[in-house]
$ cat work38.txt   # compact mmCIF, C-alpha atoms
# COMPACT_ATOMS: atom_id res chain seq x y z
CA ALA N 358 0.51 55.47 24.71
CA MET N 359 1.99 54.04 21.50
CA LYS N 360 4.62 52.24 23.59
CA ARG N 361 1.90 50.63 25.75
CA ILE N 362 -0.03 49.53 22.61
CA GLY N 363 3.14 48.03 21.18
CA CYS N 364 3.77 46.09 24.36
CA ARG N 365 0.21 44.75 24.35
CA VAL N 366 0.60 43.59 20.73
CA LEU N 367 3.86 41.82 21.56
CA LEU N 368 2.22 40.18 24.59
CA LEU N 369 -0.72 38.95 22.50
CA LEU N 370 1.63 37.57 19.86
CA LEU N 371 3.64 35.80 22.56
CA ILE N 372 0.48 34.28 24.07
CA HIS N 373 -0.67 33.15 20.61
CA TRP N 374 2.72 31.57 19.86
CA VAL N 375 2.87 29.72 23.20
CA THR N 376 -0.71 28.49 22.80
CA TRP N 377 -0.10 27.33 19.22
CA SER N 378 3.28 25.70 19.89
CA SER N 379 2.52 24.03 23.22
CA PRO N 380 1.64 20.32 23.21
CA LYS N 381 -2.11 19.89 22.91
CA PRO N 382 -3.98 17.75 25.44
CA CYS N 383 -4.77 14.19 24.33
CA TRP N 384 -8.48 14.77 24.01
CA ASN N 385 -7.81 17.68 21.68
CA THR N 386 -5.40 15.88 19.37
CA ARG N 387 -7.71 12.85 19.27
CA ALA N 388 -10.59 15.05 18.19
CA ARG N 389 -8.36 16.78 15.66
CA ALA N 390 -7.16 13.44 14.24
CA THR N 391 -10.69 12.14 13.86
CA ALA N 392 -11.91 15.36 12.28
CA LEU N 393 -8.95 15.42 9.91
CA LEU N 394 -9.58 11.86 8.71
CA SER N 395 -13.20 12.73 8.13
CA LYS N 396 -11.97 15.43 5.76
CA TYR N 397 -9.05 13.43 4.34
CA PRO N 398 -10.03 9.76 4.59
CA ILE N 399 -7.44 7.00 4.55
CA ILE N 400 -6.50 5.48 1.21
CA ASP N 401 -4.76 2.32 2.37
CA GLY N 402 -2.35 0.54 0.06
CA HIS N 403 -2.75 -3.08 1.10
CA ASN N 404 -5.24 -5.35 2.85
CA ASP N 405 -5.36 -9.17 2.59
CA LEU N 406 -9.03 -9.72 3.46
CA ALA N 407 -9.60 -11.75 0.28
CA TYR N 408 -6.92 -14.26 1.28
CA THR N 409 -8.53 -14.57 4.72
CA VAL N 410 -11.82 -15.40 3.01
CA ARG N 411 -10.02 -18.00 0.91
CA THR N 412 -8.27 -19.66 3.83
CA LEU N 413 -11.04 -19.48 6.46
CA LEU N 414 -14.14 -19.82 4.27
CA ASN N 415 -12.73 -21.66 1.25
CA GLY N 416 -13.58 -18.57 -0.76
CA ASP N 417 -17.30 -18.75 0.08
CA VAL N 418 -18.28 -15.08 0.20
CA SER N 419 -21.88 -16.03 1.05
CA ALA N 420 -20.62 -17.15 4.48
CA LEU N 421 -18.83 -13.85 5.12
CA GLN N 422 -20.42 -11.48 7.64
CA LEU N 423 -18.25 -8.44 7.00
CA ASP N 424 -20.90 -6.10 8.38
CA LYS N 425 -20.55 -7.73 11.80
CA ASP N 426 -17.89 -7.41 14.49
CA LEU N 427 -15.73 -10.33 13.34
CA THR N 428 -13.92 -10.46 16.66
CA ARG N 429 -17.11 -12.19 17.83
CA VAL N 430 -17.71 -14.37 14.77
CA GLU N 431 -15.90 -17.65 14.14
CA PRO N 432 -13.66 -18.66 12.46
CA PHE N 433 -12.44 -15.05 12.29
CA ALA N 434 -12.50 -14.54 16.05
CA SER N 435 -9.87 -17.25 16.53
CA SER N 436 -7.66 -16.14 13.65
CA ARG N 437 -4.56 -14.04 14.32
CA GLN N 438 -4.80 -12.67 10.78
CA SER N 439 -8.26 -11.13 10.95
CA GLN N 440 -8.16 -7.40 11.61
CA THR N 441 -10.79 -6.18 9.16
CA ASP N 442 -14.55 -5.77 9.03
CA LEU N 443 -16.84 -2.96 7.95
CA PRO N 444 -17.44 -1.52 11.44
CA ARG N 445 -13.70 -1.28 12.05
CA LEU N 446 -13.01 0.18 8.60
CA ARG N 447 -15.61 2.86 9.31
CA ARG N 448 -14.12 3.66 12.72
CA GLY N 449 -10.71 3.84 11.08
CA ARG N 450 -12.01 6.46 8.63
CA VAL N 451 -11.00 4.41 5.59
CA GLY N 452 -12.19 6.03 2.38
CA ALA N 453 -10.47 3.75 -0.13
CA GLN N 454 -8.81 0.37 0.11
CA PHE N 455 -6.56 -1.53 -2.25
CA TRP N 456 -7.56 -5.16 -1.68
CA ALA N 457 -4.76 -7.61 -2.40
CA ALA N 458 -5.28 -10.48 -4.82
CA TYR N 459 -2.57 -12.64 -3.28
CA ILE N 460 -1.60 -16.26 -3.87
CA GLU N 461 1.31 -18.02 -2.20
CA CYS N 462 4.66 -18.67 -3.88
CA GLY N 463 4.00 -22.41 -4.07
CA SER N 464 1.65 -21.73 -6.98
CA GLN N 465 4.44 -20.36 -9.18
CA TYR N 466 4.97 -22.37 -12.39
CA LYS N 467 1.70 -24.16 -11.59
CA ASP N 468 -1.71 -22.53 -11.15
CA ALA N 469 -0.80 -19.02 -9.99
CA THR N 470 -2.78 -17.27 -12.70
CA GLN N 471 -5.94 -19.28 -12.06
CA LYS N 472 -5.74 -18.70 -8.32
CA THR N 473 -5.10 -14.99 -8.78
CA ILE N 474 -8.22 -14.70 -10.92
CA GLU N 475 -10.13 -16.54 -8.19
CA GLN N 476 -8.89 -13.97 -5.66
CA ILE N 477 -9.99 -11.13 -7.91
CA ASP N 478 -13.40 -12.77 -8.08
CA ILE N 479 -13.56 -12.99 -4.28
CA ILE N 480 -12.85 -9.26 -4.03
CA LYS N 481 -15.51 -8.41 -6.59
CA GLN N 482 -18.06 -10.64 -4.84
CA ILE N 483 -17.36 -8.93 -1.50
CA ILE N 484 -17.86 -5.50 -3.08
CA GLU N 485 -21.10 -6.63 -4.69
CA LYS N 486 -22.38 -8.12 -1.41
CA TYR N 487 -22.02 -4.86 0.53
CA PRO N 488 -23.16 -2.07 -1.83
CA ASP N 489 -24.10 0.28 1.03
CA ASP N 490 -20.50 0.38 2.23
CA LEU N 491 -18.22 -0.65 -0.64
CA MET N 492 -18.00 0.69 -4.17
CA TRP N 493 -15.94 -0.71 -7.04
CA ALA N 494 -13.24 1.65 -8.29
CA ASP N 495 -10.52 1.24 -10.89
CA SER N 496 -9.50 4.88 -11.35
CA THR N 497 -8.90 8.08 -9.43
CA ASP N 498 -12.28 9.31 -10.64
CA GLY N 499 -13.79 6.17 -9.14
CA ILE N 500 -12.13 6.86 -5.79
CA GLU N 501 -13.53 10.39 -5.73
CA LYS N 502 -17.01 9.19 -6.68
CA ALA N 503 -17.11 6.56 -3.93
CA ILE N 504 -15.87 8.90 -1.21
CA LEU N 505 -18.38 11.57 -2.22
CA GLN N 506 -21.12 8.96 -1.77
CA GLY N 507 -19.83 8.01 1.67
CA LYS N 508 -18.62 4.59 0.54
CA ILE N 509 -15.25 2.86 0.69
CA ALA N 510 -13.69 2.86 -2.75
CA SER N 511 -12.54 -0.70 -3.40
CA LEU N 512 -9.63 -1.33 -5.74
CA ILE N 513 -7.53 -4.36 -6.60
CA GLY N 514 -3.79 -4.83 -6.36
CA VAL N 515 -2.21 -8.09 -7.52
CA GLU N 516 0.38 -9.19 -4.99
CA SER N 517 3.29 -10.85 -6.79
CA GLY N 518 4.46 -11.06 -10.35
CA HIS N 519 4.20 -14.84 -10.38
CA ALA N 520 0.49 -14.17 -11.03
CA ILE N 521 1.25 -13.41 -14.68
CA SER N 522 3.11 -16.70 -15.30
CA GLY N 523 5.75 -14.89 -17.32
CA SER N 524 3.20 -13.56 -19.81
CA LEU N 525 2.55 -9.97 -20.82
CA SER N 526 -0.79 -11.14 -22.23
CA VAL N 527 -1.81 -12.29 -18.75
CA LEU N 528 -0.62 -8.95 -17.34
CA ARG N 529 -2.94 -7.13 -19.73
CA SER N 530 -5.79 -9.48 -18.85
CA LEU N 531 -5.37 -8.85 -15.11
CA TYR N 532 -5.51 -5.12 -15.82
CA ASP N 533 -8.74 -5.68 -17.76
CA LEU N 534 -10.11 -7.54 -14.72
CA GLY N 535 -9.49 -4.43 -12.62
CA ALA N 536 -6.00 -4.79 -11.13
CA ARG N 537 -4.47 -1.34 -10.76
CA TYR N 538 -1.14 -2.28 -9.27
CA MET N 539 1.05 -5.36 -9.30
CA THR N 540 3.73 -6.17 -6.74
CA LEU N 541 6.65 -7.47 -8.81
CA THR N 542 7.48 -10.31 -6.41
CA HIS N 543 6.38 -11.81 -3.11
CA THR N 544 8.65 -13.83 -0.82
CA CYS N 545 10.05 -15.68 -3.83
CA ASN N 546 11.86 -14.54 -6.92
CA THR N 547 10.02 -14.53 -10.21
CA PRO N 548 11.99 -15.55 -13.32
CA TRP N 549 12.38 -11.86 -14.11
CA ALA N 550 12.76 -10.06 -10.74
CA ASP N 551 14.52 -10.63 -7.43
CA SER N 552 12.57 -10.70 -4.17
CA SER N 553 13.87 -9.27 -0.90
CA VAL N 554 14.60 -12.90 0.02
CA ALA N 555 17.54 -12.73 -2.39
CA GLU N 556 19.23 -10.28 0.01
CA GLU N 557 18.97 -12.59 2.98
CA LYS N 558 21.51 -15.21 4.00
CA GLY N 559 20.73 -18.36 2.07
CA GLY N 560 18.29 -16.45 -0.13
CA ALA N 561 16.80 -17.73 -3.36
CA PRO N 562 19.59 -19.20 -5.53
CA ASP N 563 20.08 -19.32 -9.30
CA GLN N 564 18.26 -16.07 -9.92
CA PRO N 565 19.31 -12.91 -11.76
CA THR N 566 20.29 -9.83 -9.77
CA GLY N 567 17.50 -7.30 -9.87
CA LEU N 568 15.50 -7.22 -13.10
CA THR N 569 16.03 -9.18 -16.31
CA GLN N 570 15.31 -7.68 -19.72
CA PHE N 571 11.87 -9.27 -19.55
CA GLY N 572 11.39 -7.63 -16.14
CA ASN N 573 12.08 -4.28 -17.78
CA ARG N 574 9.42 -5.09 -20.37
CA VAL N 575 6.92 -5.91 -17.63
CA ILE N 576 7.44 -2.48 -16.08
CA ARG N 577 7.15 -0.65 -19.38
CA GLU N 578 3.97 -2.54 -20.23
CA MET N 579 2.54 -1.61 -16.81
CA ASN N 580 3.36 2.02 -17.58
CA ARG N 581 1.54 1.71 -20.91
CA LEU N 582 -1.51 0.17 -19.26
CA GLY N 583 -1.71 2.66 -16.39
CA MET N 584 -0.94 -0.01 -13.81
CA MET N 585 1.10 1.08 -10.79
CA VAL N 586 4.46 -0.65 -10.32
CA ASP N 587 4.58 -1.89 -6.72
CA LEU N 588 8.07 -2.50 -5.31
CA ALA N 589 7.06 -3.88 -1.91
CA HIS N 590 8.72 -7.29 -1.43
CA VAL N 591 11.46 -6.80 -4.04
CA SER N 592 15.20 -6.69 -3.39
CA ALA N 593 17.06 -3.39 -3.13
CA ASP N 594 18.67 -3.99 -6.54
CA THR N 595 15.26 -4.58 -8.09
CA MET N 596 14.00 -1.39 -6.45
CA ARG N 597 16.88 0.65 -7.85
CA GLN N 598 16.55 -0.73 -11.36
CA ALA N 599 12.75 -0.50 -11.46
CA VAL N 600 12.73 3.16 -10.42
CA LYS N 601 15.08 3.91 -13.32
CA VAL N 602 13.09 1.89 -15.87
CA SER N 603 9.62 3.19 -14.97
CA VAL N 604 8.49 6.36 -16.71
CA ALA N 605 5.64 6.68 -14.19
CA PRO N 606 5.83 7.10 -10.41
CA VAL N 607 6.24 3.82 -8.51
CA ILE N 608 4.71 2.74 -5.22
CA PHE N 609 5.64 0.61 -2.25
CA SER N 610 2.17 -0.53 -1.21
CA HIS N 611 3.25 -1.84 2.21
CA SER N 612 6.89 -1.20 3.15
CA SER N 613 8.67 0.79 5.83
CA ALA N 614 12.09 2.42 6.32
CA ARG N 615 15.18 0.19 6.46
CA ALA N 616 17.20 2.79 8.37
CA VAL N 617 14.68 2.55 11.22
CA ALA N 618 14.23 -1.25 11.18
CA ASN N 619 16.90 -3.15 9.27
CA LYS N 620 14.71 -5.61 7.38
CA THR N 621 15.14 -6.45 3.70
CA ARG N 622 11.41 -5.79 3.22
CA ASN N 623 12.00 -2.15 4.11
CA VAL N 624 13.27 0.60 1.83
CA PRO N 625 16.91 1.84 1.99
CA ASP N 626 17.59 5.55 2.11
CA ASP N 627 19.15 5.72 -1.37
CA VAL N 628 15.96 4.23 -2.77
CA LEU N 629 13.86 6.71 -0.78
CA ARG N 630 15.80 9.50 -2.47
CA ALA N 631 15.25 7.84 -5.84
CA VAL N 632 11.50 7.60 -5.10
CA LYS N 633 11.46 11.33 -4.44
CA LYS N 634 13.05 11.96 -7.84
CA ASN N 635 10.67 9.48 -9.51
CA GLY N 636 7.61 11.06 -7.84
CA GLY N 637 6.47 7.85 -6.14
CA VAL N 638 5.19 6.99 -2.67
CA VAL N 639 6.26 4.63 0.13
CA MET N 640 3.26 3.41 2.15
CA VAL N 641 4.27 2.49 5.69
CA ASN N 642 3.61 -1.11 6.73
CA LEU N 643 2.30 -1.45 10.30
CA TYR N 644 3.46 -5.07 10.81
CA SER N 645 5.36 -5.31 14.11
CA CYS N 646 8.41 -7.02 12.60
CA PHE N 647 8.86 -4.29 9.99
CA LEU N 648 8.50 -1.53 12.60
CA VAL N 649 11.10 -2.86 15.05
CA ALA N 650 13.92 -5.22 14.14
CA ASP N 651 13.25 -7.75 16.91
CA CYS N 652 9.42 -7.70 16.52
CA THR N 653 9.15 -7.03 20.27
CA ASN N 654 6.59 -4.68 21.83
CA PRO N 655 6.30 -2.00 19.14
CA THR N 656 3.99 0.94 19.69
CA VAL N 657 2.37 3.55 17.53
CA GLU N 658 5.43 5.72 18.19
CA ASP N 659 7.54 3.21 16.24
CA ALA N 660 5.24 3.65 13.26
CA VAL N 661 5.65 7.41 13.66
CA LYS N 662 9.44 6.98 13.44
CA HIS N 663 9.06 5.29 10.05
CA VAL N 664 6.65 7.92 8.76
CA ASN N 665 8.92 10.73 9.92
CA HIS N 666 12.05 9.10 8.49
CA ILE N 667 10.49 8.66 5.06
CA ARG N 668 9.30 12.25 5.23
CA ARG N 669 12.79 13.39 6.22
CA VAL N 670 14.57 11.56 3.37
CA ALA N 671 12.00 11.46 0.56
CA GLY N 672 9.78 14.38 1.52
CA VAL N 673 6.22 14.77 2.75
CA ASP N 674 4.86 14.24 -0.78
CA HIS N 675 6.17 10.67 -0.89
CA VAL N 676 4.81 8.88 2.19
CA GLY N 677 1.53 7.03 2.72
CA ILE N 678 -0.05 4.16 4.69
CA GLY N 679 -0.27 0.49 3.70
CA GLY N 680 -1.31 -1.28 6.87
CA ASP N 681 -0.99 -4.92 5.69
CA TYR N 682 -3.96 -5.90 7.85
CA ASN N 683 -5.11 -9.52 7.45
CA GLY N 684 -1.74 -10.26 5.89
CA VAL N 685 0.30 -10.75 9.07
CA ASP N 686 -0.36 -11.63 12.69
CA GLN N 687 1.47 -9.04 14.79
CA PHE N 688 0.67 -5.35 15.14
CA PRO N 689 1.33 -2.80 17.87
CA ALA N 690 -1.39 -2.92 20.52
CA ASP N 691 -2.44 0.62 19.65
CA LEU N 692 -2.55 -0.22 15.90
CA ALA N 693 -4.21 -3.59 16.31
CA ASP N 694 -6.70 -3.44 13.45
CA THR N 695 -8.25 -1.25 10.76
CA SER N 696 -10.04 0.90 13.31
CA ALA N 697 -6.71 2.23 14.60
CA TYR N 698 -5.65 4.71 11.91
CA PRO N 699 -6.82 7.68 14.05
CA ASN N 700 -4.33 6.52 16.72
CA LEU N 701 -1.48 6.97 14.25
CA PHE N 702 -2.62 10.44 13.27
CA GLN N 703 -3.10 11.46 16.89
CA ALA N 704 0.47 10.30 17.59
CA LEU N 705 1.74 12.36 14.66
CA LEU N 706 -0.06 15.43 15.96
CA ASP N 707 1.51 14.85 19.38
CA ASP N 708 4.97 14.04 18.03
CA PRO N 709 7.65 16.63 18.89
CA ASP N 710 9.94 15.86 15.92
CA TYR N 711 7.72 17.34 13.21
CA ARG N 712 4.93 19.86 13.18
CA TRP N 713 2.47 18.13 10.86
CA SER N 714 0.11 20.56 9.17
CA GLU N 715 -3.40 19.55 8.21
CA ASP N 716 -2.43 19.59 4.52
CA ASP N 717 0.61 17.38 5.16
CA LEU N 718 -1.46 14.87 7.13
CA GLY N 719 -3.96 14.87 4.29
CA LYS N 720 -1.15 13.91 1.92
CA LEU N 721 -0.13 11.05 4.21
CA ALA N 722 -3.70 9.83 4.67
CA GLY N 723 -4.39 9.46 0.98
CA GLY N 724 -3.41 12.51 -1.00
CA ASN N 725 -0.01 11.18 -2.04
CA ILE N 726 -1.16 7.79 -3.33
CA PHE N 727 -4.08 9.51 -5.09
CA ARG N 728 -1.64 11.90 -6.78
CA VAL N 729 0.64 9.02 -7.83
CA PHE N 730 -2.29 7.02 -9.22
CA ARG N 731 -3.49 10.02 -11.21
CA GLN N 732 -0.01 10.62 -12.62
CA VAL N 733 0.19 6.94 -13.64
CA GLU N 734 -3.11 7.42 -15.49
CA GLN N 735 -1.71 10.54 -17.15
CA VAL N 736 1.42 8.69 -18.29
CA ARG N 737 -0.84 6.00 -19.77
CA ASP N 738 -2.75 8.65 -21.70
CA VAL N 739 0.45 10.26 -22.99
CA LEU N 740 1.85 6.91 -24.15
CA LYS N 741 -1.44 6.14 -25.89
CA ALA N 742 -1.35 9.52 -27.65
CA GLN N 743 2.20 8.72 -28.77
CA GLY N 744 0.94 5.52 -30.37
CA ILE N 745 2.85 3.13 -28.08
CA GLN N 746 1.60 -0.37 -28.84
CA PRO N 747 1.23 -3.46 -26.63
CA ASP N 748 4.38 -5.53 -26.14
CA TYR N 749 3.96 -9.05 -27.52
CA SER N 750 7.38 -10.29 -26.40
CA LEU N 751 7.64 -13.74 -24.83
CA ILE N 752 9.76 -14.53 -21.80
CA GLN N 753 13.05 -16.15 -22.75
CA LEU N 754 13.21 -19.87 -22.03
CA GLU N 755 16.49 -19.46 -20.13
CA ASP N 756 14.65 -17.16 -17.68
CA ILE N 757 12.24 -19.93 -16.74
CA LEU N 758 15.10 -22.03 -15.33
CA GLY N 759 13.75 -25.32 -16.59
CA GLU N 760 10.40 -24.80 -14.84
CA THR N 761 8.37 -25.79 -17.90
CA HIS N 762 7.09 -29.22 -16.82
CA CYS N 763 3.58 -27.81 -16.30
CA ASN N 764 3.53 -26.03 -19.67
CA SER N 765 2.26 -27.23 -23.03
CA ASP N 766 4.13 -26.36 -26.20
CA TRP N 767 1.77 -23.55 -27.25

$ encode --input "work38.txt" --output "structure tokens"
Amino acid sequence: AMKRIGCRVLLLLLIHWVTWSSPKPCWNTRARATALLSKYPIIDGHNDLAYTVRTLLNGDVSALQLDKDLTRVEPFASSRQSQTDLPRLRRGRVGAQFWAAYIECGSQYKDATQKTIEQIDIIKQIIEKYPDDLMWADSTDGIEKAILQGKIASLIGVESGHAISGSLSVLRSLYDLGARYMTLTHTCNTPWADSSVAEEKGGAPDQPTGLTQFGNRVIREMNRLGMMVDLAHVSADTMRQAVKVSVAPVIFSHSSARAVANKTRNVPDDVLRAVKKNGGVVMVNLYSCFLVADCTNPTVEDAVKHVNHIRRVAGVDHVGIGGDYNGVDQFPADLADTSAYPNLFQALLDDPDYRWSEDDLGKLAGGNIFRVFRQVEQVRDVLKAQGIQPDYSLIQLEDILGETHCNSDW
């Protein structure tokens, strides 16, 4: 009798194992992905809606109909860089969004600071216009509060260090205006940091390799403020140096894995290992040309490859999502806009390479960037308790490379 009972137990365990380990039908994983993102909503690292409003509406937020399906509203319907509206954000289960205050490289040494402040104003006006769906946040507590109220926490990230015009005073002022991360460069070098363009053939000339001494000061002042250091867009040398200089975890708000798609905008494996040691997070960019090297016919499975590679090298605690919607014009068909995040999580649940637990998917969805942001706040508090004072250093004139024709003496 005992032998028969033992056989039954083994049979039940075998049935349970086969049922648990077998691929789940699509309808089941879709339902699981949607349910999971209802519990662990997306905290996305980068969206360029504000720049779309600037370019298509001349910054006139009163003309924006974000609560409508913008695929049916001109001029958004005809734009290849319009993948965001409130209905799609809701379908995508977005709980928090870092909105990019971006201005093109042509503004450097001219009116970059003014235009960045205008972009911050656009973001704030959008948040104010849609109080039933969006809620201002500038802290991890603010993110939690918004999500608990069923709203999309709306934060600001400044995209590119040329926004500060080589001034730590401007950096502090942008923080006071609500910016909670700054990308050190865009597709141009700043006087104090190399862009990924510097790695490319014929890249930006006459620039220092990686960070200058002033660049180090920028990072340390960001640490003191509680402002996340964003290394998307920077060169590999800048990445390596910045991770060493920063005493707080760093982020890549919208970058993917260079070993999977060999683009200078993506993160090399040695940097992924350094990010693990630093405690930071790499938020996968869903732009077609960063997912596959030739930009041709990517699918959600290509995004999965990047997520899995970053997990494999840096660890599951150091990967997130930074879609780059409204910032570029090519996405996989099954990741076409901000409604598509459940497609990515369904693909991860179906993927044979990794068994993603619910907790691990929660980290990817938003838990990791939330943890990093909180640690950056904690570093700020520690530095304040230590009596660390603001840095009043000025950028060295030799760093400005003669680009002072738009500057007054004082």

$ residues_around --input "work38.txt" --residues "N:Asp708" --least-positions-apart "6" --cutoff "10 Å" --atoms "all atoms listed in the file" --output "list in words"
Pro380, Glu658, Val661, Lys662, Asn665 and Phe702 of chain N

$ write_last_selection --input "work38.txt" --atoms "C-alpha atoms" --output "short mmCIF file (atom, residue, chain, number, x, y, z; two decimals), in the coordinates of the input"
data_model
loop_
_atom_site.label_atom_id
_atom_site.label_comp_id
_atom_site.auth_asym_id
_atom_site.auth_seq_id
_atom_site.Cartn_x
_atom_site.Cartn_y
_atom_site.Cartn_z
CA PRO N 380 1.64 20.32 23.21
CA GLU N 658 5.43 5.72 18.19
CA VAL N 661 5.65 7.41 13.66
CA LYS N 662 9.44 6.98 13.44
CA ASN N 665 8.92 10.73 9.92
CA PHE N 702 -2.62 10.44 13.27
#

$ closest_residue --input "work38.txt" --among "N:Thr547, N:Asn619, N:Thr569, N:Ser553" --to "N:Ala593" --atoms "only C-alpha atoms"
N:Ser553

$ atom_distance --input "work38.txt" --atom1 "atom CA of N:Asp468" --atom2 "atom CA of N:Leu421"
25.2 Å

$ atom_distance --input "work38.txt" --atom1 "atom CA of N:Asn415" --atom2 "atom CA of N:Pro488"
22.4 Å

$ closest_residue --input "work38.txt" --among "N:His519, N:Arg597, N:Arg411, N:His663" --to "N:Asn623" --atoms "only C-alpha atoms"
N:His663

$ atom_distance --input "work38.txt" --atom1 "atom CA of N:Gln732" --atom2 "atom CA of N:Val586"
12.3 Å

$ closest_residue --input "work38.txt" --among "N:Ile608, N:Val657, N:Val676, N:Val554" --to "N:Thr540" --atoms "only C-alpha atoms"
N:Ile608

$ residues_around --input "work38.txt" --residues "N:Tyr644" --least-positions-apart "2" --cutoff "6 Å" --atoms "only C-alpha atoms" --output "compact mmCIF listing (two decimals) with C-alpha atoms, in the coordinates of the input"
# COMPACT_ATOMS: atom_id res chain seq x y z
CA ASN N 642 3.61 -1.11 6.73
CA CYS N 646 8.41 -7.02 12.60
CA PHE N 647 8.86 -4.29 9.99
CA GLN N 687 1.47 -9.04 14.79
CA PHE N 688 0.67 -5.35 15.14

$ residues_near_point --input "work38.txt" --point "(-20.6, -13.8, -4.7)" --cutoff "10 Å" --atoms "only C-alpha atoms" --output "count of residues only"
15

$ residues_around --input "work38.txt" --residues "N:Gln506" --least-positions-apart "2" --cutoff "12 Å" --atoms "all atoms listed in the file" --output "ChimeraX atom specification"
/N:452-453,488-492,499-504,508-510

$ closest_residue --input "work38.txt" --among "N:Arg529, N:His611, N:Arg429, N:Lys620" --to "N:Gly680" --atoms "all atoms listed in the file"
N:His611

$ residues_around --input "work38.txt" --residues "N:Thr412" --least-positions-apart "5" --cutoff "12 Å" --atoms "only C-alpha atoms" --output "PyMOL selection string"
chain N and resi 405-407+417-418+432-433+436+438-439+459-461+476+479+683-684

$ closest_residue --input "work38.txt" --among "N:Met579, N:Ala650, N:Val451, N:Ile757" --to "N:Val733" --atoms "only C-alpha atoms"
N:Met579

$ closest_residue --input "work38.txt" --among "N:Cys545, N:Val604, N:Val638, N:Ala520" --to "N:Gly672" --atoms "all atoms listed in the file"
N:Val638

$ residues_near_point --input "work38.txt" --point "(0.3, 2.4, -15.4)" --cutoff "12 Å" --atoms "all atoms listed in the file" --output "MDAnalysis selection string"
chainID N and resid 495:496 528:529 532 536:539 575:587 603:608 729:741
